[in-house]
Structure formats: structure tokens, C-alpha cells
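Participant: Submitted below is the structure of interest, expressed as C-alpha cells.
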Amino acid sequence: MDLIDEPEAAGNTPEFTVSELSGAVKRTIEGEFGHVRVRAEVGRVTHARSGHLYFDLKDDRNVLACTTWKGQVADLSVIPEEGMEVVVKGRMTTFGSQSKYQLNATEVAVAGVGALMAMLDKRKKALEAEGLFGAERKQALPFLPDVIGVITSPTGAVIRDILHRLRDRFPRKVIVWPVAVQGKDCAPQVARAIDGFNAMTSGGALPRPDLIIVARGGGSIEDLWGFNEEIVARATAASTIPLISAVGHETDTTLIDFVSDQRAPTPTAAAEMAVPVRLELMVAVDQMGARASRAVTDGVTRRKQRVADLARVLPKPEQLTEDAKQRFDYLSEKLDAALIGRVTEGRLRMGEASGLLRPSVLVNRLAQGRERMSGLDARLGPALGRKAAQAQRDLDGQARRLRPDVLAVAQTRAAKDFAVMLRRMTTASRTQTQKQRSRLEALDRMRETLGYRETLKRGYAVVRGDGAVVTSAKAAKAATTLDIEFADGTMAPAGKPAKLKVKTPPPDQGSLF
């Protein structure tokens with residue numbers, strides 16, 4: 001057929017565009033299937049940067065692509081992971097750009113307890129490999145915490161059991177952080193509660209807990225699944241406050257039990273671990289006090305007995321001083337003869353020394369001293385001359401370094417600096433004086449404005465009787481002379497202007513500058 005020939009007739013077969021055909025397929029699939037439930041194994045899982053979730057459902061022969069939009073991800077009770085067996089509920093639709101059909105997943109549930117346990121075992125191994133279960137990172141519980149933070153449901157029997165047990169053993173301050181203990185909101189609320197307690201400060205409006213208890217009653221593995229989520233385990237590991245996990249009964253085990261600092265089989269047991277029994281402590285204190293008293297009494301008794309035993313062995317005080325007294329008497333008798341002998345010996349030595357002090361010996365000593373002084377005098381003159389010459393040389397060196405041109409430059413610079421400083425001080429002084437003058441004038445204007453003379457200008461008058469202001473008719477009748485002051489002058493009631501007292505202006509103080 002030639003390229004320019006007319007195409008053959010299509011007959012009765014209708015023609016579609018790609019978009020029309022894709023839309024028809026989309027309507028057919030969505031209308032035929034609508035909402036479906038699919039049980040399969042999770043394959044590839046992709047978390048897009050936009051927040052959408054893409055994963056595959058597969059069996060031994062086929063693969064079904066699934067999409068969960070960003071706004072739907074938060075409503076999922078279980079985030080699918082590769083290898084999980086799940087039951088997915090959603091709506092079948094198509095993606096025309098890639099000619100593929102897919103399931104818009106709105107609900108994901110784990111298919112059976114076996115799948116949950118497999119996923120739990122996988123998470124447990126991953127967290128254990130990171131060292132979150134290590135005994136070296138676990139903190140010791142405080143012996144008697146002042147404040148205990150409890151993370152649990154505020155309406156269940158768990159919080160009542162904990163408060164009742166604490167009240168029986170040792171009453172403490174308790175801060176309850178209410179959370180959902182099952183369902184999709186459980187894990188994020190518990191993690192936020194642990195982080196919230198750790199974010200508190202000691203001096204804040206609410207005291208920072210010394211111990212945290214995460215508690216929940218028993219239930220199925222699905223009910224306790226929120227405490228197996230990774231965010232709860234990591235929040236527990238990051239807690240700087242010691243934490244006791246009391247989730248479920250003694251046979252129930254969750255991930256938080258492995259990460260926490262201490263696991264309690266029941267919430268009531270957690271309260272017992274948190275505080276000791278007050279009555280037992282009081283009994284123990286009384287017992288230790290009694291033991292201490294007995295120990296002190298026994299110690300004093302033994303020491304008294306020891307002192308008594310030593311007293312029997314030691315000699316009497318009179319016996320200790322008898323030898324000293326006898327020695328004192330013996331030496332006292334010898335003291336007079338010793339003093340006489342000492343004086344006699346001194347006299348003999350003085351006589352021998354006076355025999356050696358002859359005039360010829362003194363004359364020789366004086367002659368030797370004069371010769372020594374003459375030698376020193378002969379040496380003193382040249383020494384002083386050398387010292388003076390050295391001082392003169394030092395002075396000449398200093399004089400050569402003191403050049404007049406350098407002094408002149410320094411003096412000029414100092415004079416310029418002084419002139420600049422003087423101008424600045426003068427300008428500052430004038431500015432300050434001008435400010436003070438302006439402020440004084442403003443205050444004076446305010447005084448004039450607030451004075452009674454401004455009131456007189458508005459039509460008022462001041463009546464004075466005998467020099468004093470009159471404020472009543474009785475006082476006006478009692479006054480011998482009356483003056484009425486207006487804004488423009490003063491007059492008597494008879495109509496004659498009164499004599500105004502002229503105020504003498506204050507003397508001019510002049511200017512300071």
C-alpha cells in the first residue's frame with residue numbers, strides 16, 4: 001500500500017485515545033472491586049520523601065502494588081515491614097501514567113499471632129544488636145524517690161492499684177501522664193510521655209520525677225502491641241530517669257521490658273519496687289538506734305573498766321614525786337657552794353684580764369688603727385674620682401639622647417591634644433548649660449501655666465481681706481478692708497484700683513561662661 005493512500009475503513013470498532021482507554025479501565029476496576037481485603041506477604045517497602053508509603057503484596061506467583069498516601073499513613077495501626085504476613089484493606093484503582101493497577105491501602109493488620117511474634121523477634125534482634133538491652137546501660141533505681149511519674153490510662157484499675165500500694169507502703173508525690181494503652185495512638189503517646197518527663201526541669205512548675213513507671217494491665221498480644229513498637233523502646237533507652245516497666249501480667253513480655261531499667265511482673269509489683277515499706281524502715285531505724293545506744297553504753301563501760309585497771313597498776317602520786325623532791329634537796333644544798341666558787345673564778349679571770357691592759361698595748365693598738373685609716377684614705381680619693389667619671393659619662397650619654405627637635409615635636413603634639421580637649425570640654429559645657437537653661441525655661445512656663453494668674457485670665461477673681469485670701473462671705477464681712485484682684489489689676493469694692501505690690505526682680509546672676 002502506498003503511503004499516500006487512504007487508510008482502510010475501521011469498520012464498527014470504536015477508536016479510543018490513551019487517556020480515554022485508561023479512564024475506562026480505571027472506572028471498570030474501581031466499580032467492579034471497590035473495597036477489598038487482601039492477605040499476603042509484604043515485599044518491597046519504600047518511604048517516599050513526600051511522606052507517602054509504597055509497598056508490595058506478594059504470593060508465590062503474583063505481586064500487587066500498594067499505595068498509602070501521606071494523610072493515611074498516620075491512621076495505620078501497623079506499619080508494614082518486609083516479610084510480614086498481613087491483611088490489607090483498601091480500594092482498587094489504577095495509575096495510568098505507568099499502565100498499572102494498584103491497591104490504595106487504608107488499613108493494615110498483622111495476619112495471626114505467628115506473624116506478630118515473628119516481627120517482634122525481628123525487632124528484638126535488631127535492638128539487641130544495637131546494645132539497647134545491655135546491662136551496663138541500665139540505671140539503678142533510687143531508694144526513696146520524692147516524685148514518681150506514672151504513664152498509664154487515667155481511668156483503668158492500674159493507676160488505682162499503684163496509688164493504693166504506694167499509699168500503703170510509703171506515700172510519695174505522683175504525677176500521672178495519661179496515655180492510650182492500646183490501639184494506634186498507644187506507641188506515640190507513650191513515647192511522648194517518656195520524653196516529656198525527661199524534659200522537665202527540677203525548678204519548673206511541675207517537679208521532675210525521680211522515677212518513671214510505665215504500666216498497663218494484662219491483655220492479648222494485639223492489645224499490648226503498642227509497647228513493642230520501636231519508638232517506645234528507643235524513648236525508654238534514651239531516658240535519663242530510671243524507668244520500671246509493668247506491662248501486662250508476669251507471663252506477658254514486651255520490648256519495653258528488655259530496654260527498661262527494671263521489669264515488674266505487675267503494676268502492683270512496680271509500686272513495691274519503687275518505694276520501701278515505711279513501717280519496716282521505722283522498725284529498722286529503731287533497731288539500729290537501739291544497737292547504737294547499746295554499742296555506746298558498752299564502749300563507755302569497757303573504757304571505764306580499762307581506766308580502773310590502769311589505775312590499779314600505776315603508782316601513787318606521792319611515789320612519783322619522791323625522787324624529784326630528794327634530788328631537789330640535794331641540789332639545793334650544793335647551790336651555795338657552787339655560787340661562791342663561780343664568783344671566785346670570775347674574780348680570778350678579771351684580775352688576769354686587768355694585768356694584760358697596759359698603756360703600751362693600747363698605744364700600739366691606736367698606731368695600728370691610724371695606719372689602717374691612712375691606707376683607706378689614700379684609696380678613697382681615686383675610687384671617688386673613678387665613680388664621678390663614670391657618672392659624668394652616663395650623664396653625657398643621656399644628654400646626647402635628649403634632642404631639642406624631638407622635645408619640640410612632643411611639646412607641639414601635647415599642645416594640640418590639649419587644645420582639642422579644651423574645645424571638646426568647652427562645647428560639652430555649653431551644650432549642658434543650654435540644656436539646663438531650656439529645661440529651666442520649660443519649667444518656668446509650666447509654672448506660669450499652672451499658676452492662678454492664668455485662671456484669672458479666664459474671668460475669675462481673687463478676694464483678699466486684710467491681706468489674706470477670703471473664701472467665704474463670713475470672712476468678707478469680718479475683714480476691715482477688701483481687695484479684688486483681676487487679671488489686669490486690683491481694685492477695692494468701692495471701685496478704686498488698689499495699690500499693687502511690685503515685686504523686686506531677683507539680681508542677675510550672670511553667665512558662668
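FYI, nothing fancy with the C-alpha cells labels: chains A, B, ... in order, residues from 1 per chain, ligands from 1 as they appear.
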Excluding Arg453 (chain A) and any residue of its chain fewer than 2 positions from it, enumerate the residues within 12 Å of it, using only C-alpha atoms, and give them as a ChimeraX atom specification.

Facilitator: /A:447-451,455-462,485-489

Participant: Neighbouring residues of Leu144 (chain A) were defined as those with any atom within 9 Å, considering only C-alpha atoms; residues of the same chain fewer than 5 positions away were excluded. Please report them as a compact mmCIF listing (two decimals) with C-alpha atoms, in the first residue's frame.

Facilitator:
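This went into result15.txt:
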```txt
# COMPACT_ATOMS: atom_id res chain seq x y z
CA PHE A 170 5.35 4.87 101.66
CA ARG A 172 5.03 9.78 97.67
CA ASP A 210 12.95 10.72 90.18
CA ALA A 274 9.51 1.93 93.67
CA VAL A 275 9.37 2.55 97.43
CA PRO A 276 10.22 0.60 100.58
```

Participant: Quick one: pull the distance between CA of His52 (chain A) and CA of Cys66 (chain A), Å, one decimal.

Facilitator: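 Rounded to one decimal, the two atoms are 10.8 Å apart.
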
Participant: I need the residues in region 128-326 of chain A that are alpha helix (DSSP H) according to DSSP; give them as a ChimeraX atom specification.

Facilitator: /A:128-129,157-169,186-199,230-238,255-259,267-274,278-313,317-326

Participant: Which residue out of A:Gly131, A:Gly149, A:Gly156, A:Gly96 has the minimum interatomic distance to Pro207 (chain A) when only C-alpha atoms are used?

Facilitator: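 Ranked by minimum distance to Pro207 (chain A), first place goes to A:Gly149.
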
Participant: Give me, as a PyMOL selection string, all polymer residues having an atom no more than 8 Å from Asp223 (chain A), counting only C-alpha atoms and skipping those fewer than 6 positions away in the same chain.

Facilitator: chain A and resi 181-183

Participant: Near Gly465 (chain A), counting only C-alpha atoms, which residues have an atom at most 9 Å away, once you skip same-chain residues fewer than 3 positions from it, shown as a list in words?

Facilitator: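 In the requested form, the answer reads Ala468, Val469, Val470, Ala475, Ala476, Ala478, Ala479, Thr480, Thr481, Leu482, Asp483 and Ile484 of chain A.
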
Participant: Deliver the residues from the most recent selection as a file, using C-alpha atoms, as an mmCIF file, in the first residue's frame.

Facilitator:
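Result file is out_33.cif:
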```
data_model
loop_
_atom_site.group_PDB
_atom_site.id
_atom_site.type_symbol
_atom_site.label_atom_id
_atom_site.label_comp_id
_atom_site.auth_asym_id
_atom_site.auth_seq_id
_atom_site.Cartn_x
_atom_site.Cartn_y
_atom_site.Cartn_z
ATOM 1 C CA ALA A 468 -5.385 87.216 103.333
ATOM 2 C CA VAL A 469 -7.454 85.313 100.750
ATOM 3 C CA VAL A 470 -11.184 85.375 101.557
ATOM 4 C CA ALA A 475 -14.782 86.152 106.386
ATOM 5 C CA ALA A 476 -15.502 89.054 103.973
ATOM 6 C CA ALA A 478 -15.289 90.364 109.243
ATOM 7 C CA ALA A 479 -12.464 91.974 107.186
ATOM 8 C CA THR A 480 -11.844 95.710 107.575
ATOM 9 C CA THR A 481 -10.503 96.169 104.016
ATOM 10 C CA LEU A 482 -11.200 94.139 100.888
ATOM 11 C CA ASP A 483 -9.195 93.955 97.631
ATOM 12 C CA ILE A 484 -10.325 92.207 94.434
#
```

Participant: In Å, rounded to a single decimal, give me how far CA of Leu21 (chain A) is from CA of Arg37 (chain A).

Facilitator: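 Computed distance, CA of Arg37 (chain A) to CA of Leu21 (chain A), equals 26.7 Å.
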
Participant: Find the residues around Leu127 (chain A) up to 10 Å (only C-alpha atoms counted), leave out those fewer than 2 positions away in its own chain, and share them as an mmCIF file with N, CA and C atoms, in the first residue's frame.

Facilitator:
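Result written to around_10.cif:
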```
data_model
loop_
_atom_site.group_PDB
_atom_site.id
_atom_site.type_symbol
_atom_site.label_atom_id
_atom_site.label_comp_id
_atom_site.auth_asym_id
_atom_site.auth_seq_id
_atom_site.Cartn_x
_atom_site.Cartn_y
_atom_site.Cartn_z
ATOM 1 N N LYS A 122 12.101 -10.228 65.214
ATOM 2 C CA LYS A 122 13.000 -9.481 64.319
ATOM 3 C C LYS A 122 13.400 -8.153 64.938
ATOM 4 N N ARG A 123 12.423 -7.450 65.500
ATOM 5 C CA ARG A 123 12.748 -6.167 66.138
ATOM 6 C C ARG A 123 13.647 -6.373 67.349
ATOM 7 N N LYS A 124 13.356 -7.408 68.102
ATOM 8 C CA LYS A 124 14.148 -7.671 69.295
ATOM 9 C C LYS A 124 15.604 -7.912 68.938
ATOM 10 N N LYS A 125 15.863 -8.682 67.904
ATOM 11 C CA LYS A 125 17.246 -8.947 67.495
ATOM 12 C C LYS A 125 17.933 -7.672 67.013
ATOM 13 N N ALA A 129 21.125 -6.002 68.895
ATOM 14 C CA ALA A 129 22.389 -5.801 68.194
ATOM 15 C C ALA A 129 22.913 -4.376 68.393
ATOM 16 N N GLU A 130 22.023 -3.414 68.615
ATOM 17 C CA GLU A 130 22.447 -2.033 68.862
ATOM 18 C C GLU A 130 22.905 -1.820 70.303
ATOM 19 N N GLY A 131 22.700 -2.788 71.183
ATOM 20 C CA GLY A 131 23.140 -2.665 72.573
ATOM 21 C C GLY A 131 22.124 -2.046 73.493
ATOM 22 N N LEU A 132 20.841 -1.946 73.068
ATOM 23 C CA LEU A 132 19.830 -1.325 73.913
ATOM 24 C C LEU A 132 19.413 -2.205 75.079
ATOM 25 N N PHE A 133 19.741 -3.508 75.012
ATOM 26 C CA PHE A 133 19.379 -4.404 76.112
ATOM 27 C C PHE A 133 20.539 -4.625 77.085
ATOM 28 N N GLU A 230 9.020 0.284 68.061
ATOM 29 C CA GLU A 230 10.416 0.712 68.170
ATOM 30 C C GLU A 230 10.544 2.083 68.817
ATOM 31 N N ALA A 233 10.583 1.696 72.553
ATOM 32 C CA ALA A 233 11.836 1.119 73.039
ATOM 33 C C ALA A 233 12.962 2.144 73.008
ATOM 34 N N ARG A 234 13.025 2.927 71.948
ATOM 35 C CA ARG A 234 14.115 3.924 71.855
ATOM 36 C C ARG A 234 13.902 5.063 72.844
ATOM 37 N N LEU A 255 8.796 -5.455 74.297
ATOM 38 C CA LEU A 255 10.136 -4.911 74.063
ATOM 39 C C LEU A 255 10.548 -3.928 75.149
ATOM 40 N N PHE A 258 12.643 -5.332 77.989
ATOM 41 C CA PHE A 258 14.071 -5.577 77.783
ATOM 42 C C PHE A 258 14.890 -4.284 77.864
ATOM 43 N N VAL A 259 14.282 -3.155 77.496
ATOM 44 C CA VAL A 259 15.032 -1.890 77.459
ATOM 45 C C VAL A 259 14.973 -1.174 78.799
#
```

Participant: Name the residues in contact with Phe33 (chain A) at a cut-off of 8 Å, using only C-alpha atoms, excluding same-chain residues fewer than 4 positions from it; report them as a PyMOL selection string.

Facilitator: chain A and resi 29+91-92

Participant: Go ahead and compute the interatomic distance for CA of Val150 (chain A) and CA of Ala215 (chain A), in Å to one decimal.

Facilitator: 7.3 Å

Participant: Which residue is closest to Ser260 (chain A)? Choose from A:Thr427, A:Asn228, A:Thr301, A:Gln139 and count only C-alpha atoms.

Facilitator: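 Using only C-alpha atoms, the shortest distance to Ser260 (chain A) belongs to A:Gln139.
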
Participant: Return the single residue from A:Leu206, A:Leu76, A:Leu402, A:Ala324 that is closest to Asp185 (chain A), with distances computed using only C-alpha atoms.

Facilitator: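 Looking only at the distances to Asp185 (chain A), the closest residue turns out to be A:Leu76.
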
Participant: Which residues are near Leu57 (chain A)? Cut-off 9 Å, only C-alpha atoms, ignore same chain within fewer than 5 positions. Put them as a list in words.

Facilitator: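 Near neighbours after the sequence-gap exclusion: Val38, Arg39, Ala40, Glu41, Val42, Gly43, Arg44, Asn62, Val63, Leu64, Ala65, Cys66, Val86 and Val88 of chain A.
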
Participant: Keeping only C-alpha atoms, write the selected residues as a short mmCIF file (atom, residue, chain, number, x, y, z; two decimals), in the first residue's frame.

Facilitator:
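Contents of part.cif, as written:
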```
data_model
loop_
_atom_site.label_atom_id
_atom_site.label_comp_id
_atom_site.auth_asym_id
_atom_site.auth_seq_id
_atom_site.Cartn_x
_atom_site.Cartn_y
_atom_site.Cartn_z
CA VAL A 38 -6.08 -8.98 50.69
CA ARG A 39 -3.96 -11.39 52.74
CA ALA A 40 -0.37 -11.70 51.55
CA GLU A 41 3.30 -11.26 52.42
CA VAL A 42 4.85 -7.78 52.37
CA GLY A 43 7.57 -7.37 49.77
CA ARG A 44 9.45 -4.19 48.93
CA ASN A 62 1.95 -12.56 41.64
CA VAL A 63 2.70 -9.13 43.08
CA LEU A 64 0.18 -6.37 43.91
CA ALA A 65 1.44 -2.80 44.27
CA CYS A 66 0.02 -0.85 47.21
CA VAL A 86 -0.60 -9.00 56.74
CA VAL A 88 -4.64 -5.20 53.94
#
```

Participant: In region 241-478 of chain A, what's strand (DSSP E or B) per DSSP? Answer as a tab-separated table (two decimals) with C-alpha atoms, in the first residue's frame?

Facilitator:
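Saved file out28.tsv follows:
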```tsv
chain	number	residue	atom	x	y	z
A	243	LEU	CA	12.23	3.52	84.42
A	244	ILE	CA	10.22	0.48	85.58
A	245	SER	CA	8.10	-1.34	83.00
A	246	ALA	CA	4.97	-3.04	84.31
A	247	VAL	CA	3.08	-4.06	81.17
A	262	GLN	CA	13.74	-2.78	85.83
A	263	ARG	CA	10.83	-5.05	84.84
A	462	VAL	CA	-9.24	86.67	93.96
A	463	VAL	CA	-10.73	88.44	97.01
A	464	ARG	CA	-8.33	89.37	99.81
A	465	GLY	CA	-9.35	90.73	103.20
A	468	ALA	CA	-5.39	87.22	103.33
A	469	VAL	CA	-7.45	85.31	100.75
```

Participant: With only C-alpha atoms as the atoms that count, which of A:Arg445, A:Arg169, A:Asp257, A:Ser239 lies nearest to Arg278 (chain A)?

Facilitator: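 Ranked by minimum distance to Arg278 (chain A), first place goes to A:Arg169.
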